[in-house]
Amino acid sequence: MSPPKTAPCCPDLASTPPSRQVQSCCSPALLPHCLLYPEHRAPPLTAALAPSSAHEEMRKIPNNGNLRMTKVAYPLGLFVCLFIYVAYIKWHWASATQAFLGIPEAATGARRGQQARSPPGPAAHGPEVSYGIMFDAGSTGTRVHVFQFSRQPGETPTLTHETFKALKPGLSAYADDVEKSTPGIQELLDVAKQDIPFDFWKATPLVLKATAGLRLLPGEKAQKLLQKVKEVFEASPFLVGDDCVSIMNGTDEGVSAWITVNFLTGSLKTSGRGSVGMLDLGGGSTQITFLPRLEGTLQASPPSFLTSLQVFNRTYRLYSYSYLGLGLMSARLAVLGGEEGKPAEDGQELVSPCLSAGFRGEWEHAEVTYRIAGQEAAGSLYQLCARRVSEILRNKVHKTEEVKNVEFYAFSYYYDLAANVGLIDAEKGGSLVVEDFEIAAKYVCRTAETRPPPSPFLCLDLTYVSSLLQELGFPGDKVLKLTRKIDNVETSWALGATFHYIDSLSRHKSPAA
C-alpha cells in the first residue's frame, strides 16, 4: 500500500527563516507522520536553497560534510524531543495521582494529631483520663502527689499512676520568712508539669492541704504562709480554685485517709463489701476513723466524733476524730515537759523518766532546739515512763467498744516504730497484735537501763503507742495491719482528699450542666 499523498513535514523551508527551520520540522503535530514516512520529510537545507554563484560552487565539498551530519542529527533530535515529552506527561500524571490519593491520608493524620492533643473531656469510647495534684504540707515536710485516673462512664475511678516527691522541712519552718517557702513549692510543681501532658494542665486541679504543722502555728503566721503558696499556685498553668490552699481540720484528715484505704482495698468499689478502719499517727496529731455498724456506737459517741461523707454517689456516716497534740513528736515534747513552739526558759534542761538515767543531749522539734536529760529515779524505766505517759493521755481520748470488731489498718509512725524493732518487715510491712507494742516497749526500756538504745526516744515512743492504742479501746489481742502501700500505692490521706475534691467539683458542675 502506497503512503498517503501528503505534504512534506517541512514543506517550505525556503520561505522559513533559518532560526525557525529546525523548530518547524520538530512540530509535535507532525512528528508521527515524519517518523512513519521518511520520504515526506523536507529536503535537505542545501537542496532547498539553490547555489547562486561560482563562489557557492567552491563551497560544495564543505557543505556536503554538513549535510551528512544533519541527516544524523535530525532523527536524534526528534527522538530526544519525543522522550522528553513522554517523560513529562508520565511525571505530571504520577504527581497528580499521588496528591489526590494523599488527601484522605493527610486528613486521617490530622484527626489523629487532634485526638492526641485534645484536652480532657467526656470520651465517646473508652475510659476518660484525668489527673489531680495534691500537696501534703505536714509538720516535718511537704510532699506532692500526682495522680492519674481512668474512669468508665458511671463507674468508680481507677488509679492508674502516682508520682510522689517529698521535701524537708515542713512549711511551718518558714513561718518567719514566707518567701523562703517559694523555691520548694516551685520544685514540686515542676514535678507535676513533667508528669502531666501539656493539654491536661488547665483541667487538672491543684490543691494544698496543711495538717498539724500549720494548725499549731499562730493564725496570722499560718495565713501568711498559705497566701504565699496561693500566689505561686495562681501563677501555675493548673486549675486553681478559691479553696486551693487550706488547713485541714483533723476530721478531714482522718476521713481522707479512710477513703484512701477503703478505695485501695476495694470496699468503695464493691457494694456490700465490709469496710476497714484507719489509724494514723503523725507528728503533730493522730486520727482514728471507721464506719460504725452498731447503733449503740452512734448513740454513745459525742457529736463531734461523727461526720457524714458523700463520695462516689454514696453517703457514709463515719466515726472520725483527730487528736491534735497527740502525734508522736508532740507527745514526746509533752512527756518531756515542754510546750509547743516555746523554747525552755533560760535554756533549762527537760528532764524525763522516759530517757535513760545519765543521758544528756539535744533534740530539735518545730525549729526549736531543746536540751534533754534522763532522770535518776528508783524503779523500772518502763513503769516510770508508762506512768508519765498515762498522765499525758488522761481524759484526752475517747474509747469505743466497736473497734474490737472492725478490721483496722495502721500507718505512719505506727509502721515506722514496728519496723524499727523488728515487729514487721521494714519493706513489706505485716500484721501484729496490739500487745506486741507493749512487749517491745518493756524489752527496750529494760535494755536501756544497762546500755544506750539505738535511739534515746525508743523506750518513750513504744510506751506511748502501746498506751494510746489501749486508751482508744483496742484489746491486747486485736490484730492490726501495718503497711505503707496497698497495690503499690501510698496509703496516705492525699489520695482520698484528691478523690473527695474532684468529686465535689463534679457535684458543683452537675446542676449547671
# chains A, B, ... in the order shown; residues from 1 in each chain; ligands from 1

call {"tool": "residues_around", "arguments": {"residues": "region 362-365 of chain A", "least_positions_apart": "3", "cutoff": "9 Å", "atoms": "only C-alpha atoms", "output": "list of chain:residue names"}}
result
A:Met329, A:Ser330, A:Leu333, A:Glu340, A:Gly341, A:Val368, A:Thr369, A:Tyr370, A:Arg371, A:Ile372, A:Ala373

call {"tool": "closest_atom_pairs", "arguments": {"of": "region 199-218 of chain A", "to": "region 493-497 of chain A", "cutoff": "12 Å", "atoms": "only C-alpha atoms", "output": "tab-separated table"}}
result
residue	atom	partner	partner_atom	distance
A:Pro205	CA	A:Ala497	CA	11.8
A:Leu206	CA	A:Ala497	CA	11.7
A:Val207	CA	A:Ala497	CA	9.4
A:Leu208	CA	A:Ala494	CA	9.7
A:Lys209	CA	A:Ala494	CA	8.7
A:Ala210	CA	A:Ala494	CA	10.8
A:Thr211	CA	A:Trp493	CA	10.6

call {"tool": "write_last_selection", "arguments": {"atoms": "C-alpha atoms", "output": "compact mmCIF listing (two decimals), in the first residue's frame"}}
result
# COMPACT_ATOMS: atom_id res chain seq x y z
CA PRO A 205 -7.00 20.61 89.93
CA LEU A 206 -4.10 21.78 92.09
CA VAL A 207 -4.63 21.71 95.87
CA LEU A 208 -2.53 22.09 99.02
CA LYS A 209 -3.80 20.92 102.37
CA ALA A 210 -1.81 21.58 105.51
CA THR A 211 -2.04 19.38 108.58

call {"tool": "residues_around", "arguments": {"residues": "Thr463 (chain A)", "least_positions_apart": "4", "cutoff": "7 Å", "atoms": "only C-alpha atoms", "output": "list in words"}}
result
Ala386, Glu438, Ala441, Cys459 and Ser467 of chain A

call {"tool": "residues_around", "arguments": {"residues": "Arg151 (chain A)", "least_positions_apart": "5", "cutoff": "7 Å", "atoms": "only C-alpha atoms", "output": "list in words"}}
result
Pro127, Glu128, Val129, Thr156, Pro157 and Thr158 of chain A

call {"tool": "closest_residue", "arguments": {"among": "A:Gly138, A:Tyr443, A:Glu449, A:Gly347", "to": "Ala377 (chain A)", "atoms": "only C-alpha atoms"}}
result
A:Glu449

call {"tool": "closest_residue", "arguments": {"among": "A:Glu349, A:Thr491, A:Glu295, A:Phe359", "to": "Trp258 (chain A)", "atoms": "only C-alpha atoms"}}
result
A:Thr491

call {"tool": "residues_around", "arguments": {"residues": "Arg394 (chain A)", "least_positions_apart": "5", "cutoff": "12 Å", "atoms": "only C-alpha atoms", "output": "number ranges by chain"}}
result
A: 326, 386-389, 399, 467-468, 470-472

call {"tool": "write_last_selection", "arguments": {"atoms": "C-alpha atoms", "output": "JSON list (two decimals), in the first residue's frame"}}
result
[["chain", "number", "residue", "atom", "x", "y", "z"],
["A", 326, "LEU", "CA", -1.13, 13.64, 120.44],
["A", 386, "ALA", "CA", 4.20, 4.38, 131.42],
["A", 387, "ARG", "CA", 3.06, 6.36, 134.44],
["A", 388, "ARG", "CA", 4.19, 9.62, 132.86],
["A", 389, "VAL", "CA", 2.51, 8.78, 129.52],
["A", 399, "LYS", "CA", -12.82, 4.90, 123.95],
["A", 467, "SER", "CA", -0.78, 3.21, 125.89],
["A", 468, "LEU", "CA", -2.52, 5.21, 123.14],
["A", 470, "GLN", "CA", -5.28, 0.80, 124.80],
["A", 471, "GLU", "CA", -6.90, 4.17, 125.55],
["A", 472, "LEU", "CA", -8.63, 4.05, 122.15]]

call {"tool": "closest_residue", "arguments": {"among": "A:Leu505, A:Leu78, A:Leu264, A:Val421", "to": "Pro453 (chain A)", "atoms": "only C-alpha atoms"}}
result
A:Val421

call {"tool": "closest_atom_pairs", "arguments": {"of": "region 409-492 of chain A", "to": "region 268-283 of chain A", "cutoff": "6 Å", "atoms": "only C-alpha atoms", "output": "JSON lines"}}
result
{"residue": "A:Tyr409", "atom": "CA", "partner": "A:Met278", "partner_atom": "CA", "distance": 5.1}
{"residue": "A:Ala410", "atom": "CA", "partner": "A:Leu279", "partner_atom": "CA", "distance": 4.5}
{"residue": "A:Phe411", "atom": "CA", "partner": "A:Asp280", "partner_atom": "CA", "distance": 5.0}
{"residue": "A:Ser412", "atom": "CA", "partner": "A:Leu281", "partner_atom": "CA", "distance": 5.6}
{"residue": "A:Tyr413", "atom": "CA", "partner": "A:Leu281", "partner_atom": "CA", "distance": 5.4}

call {"tool": "select_by_dssp", "arguments": {"residues": "region 145-184 of chain A", "states": "strand (DSSP E)", "output": "PyMOL selection string"}}
result
chain A and resi 145-151+158-167
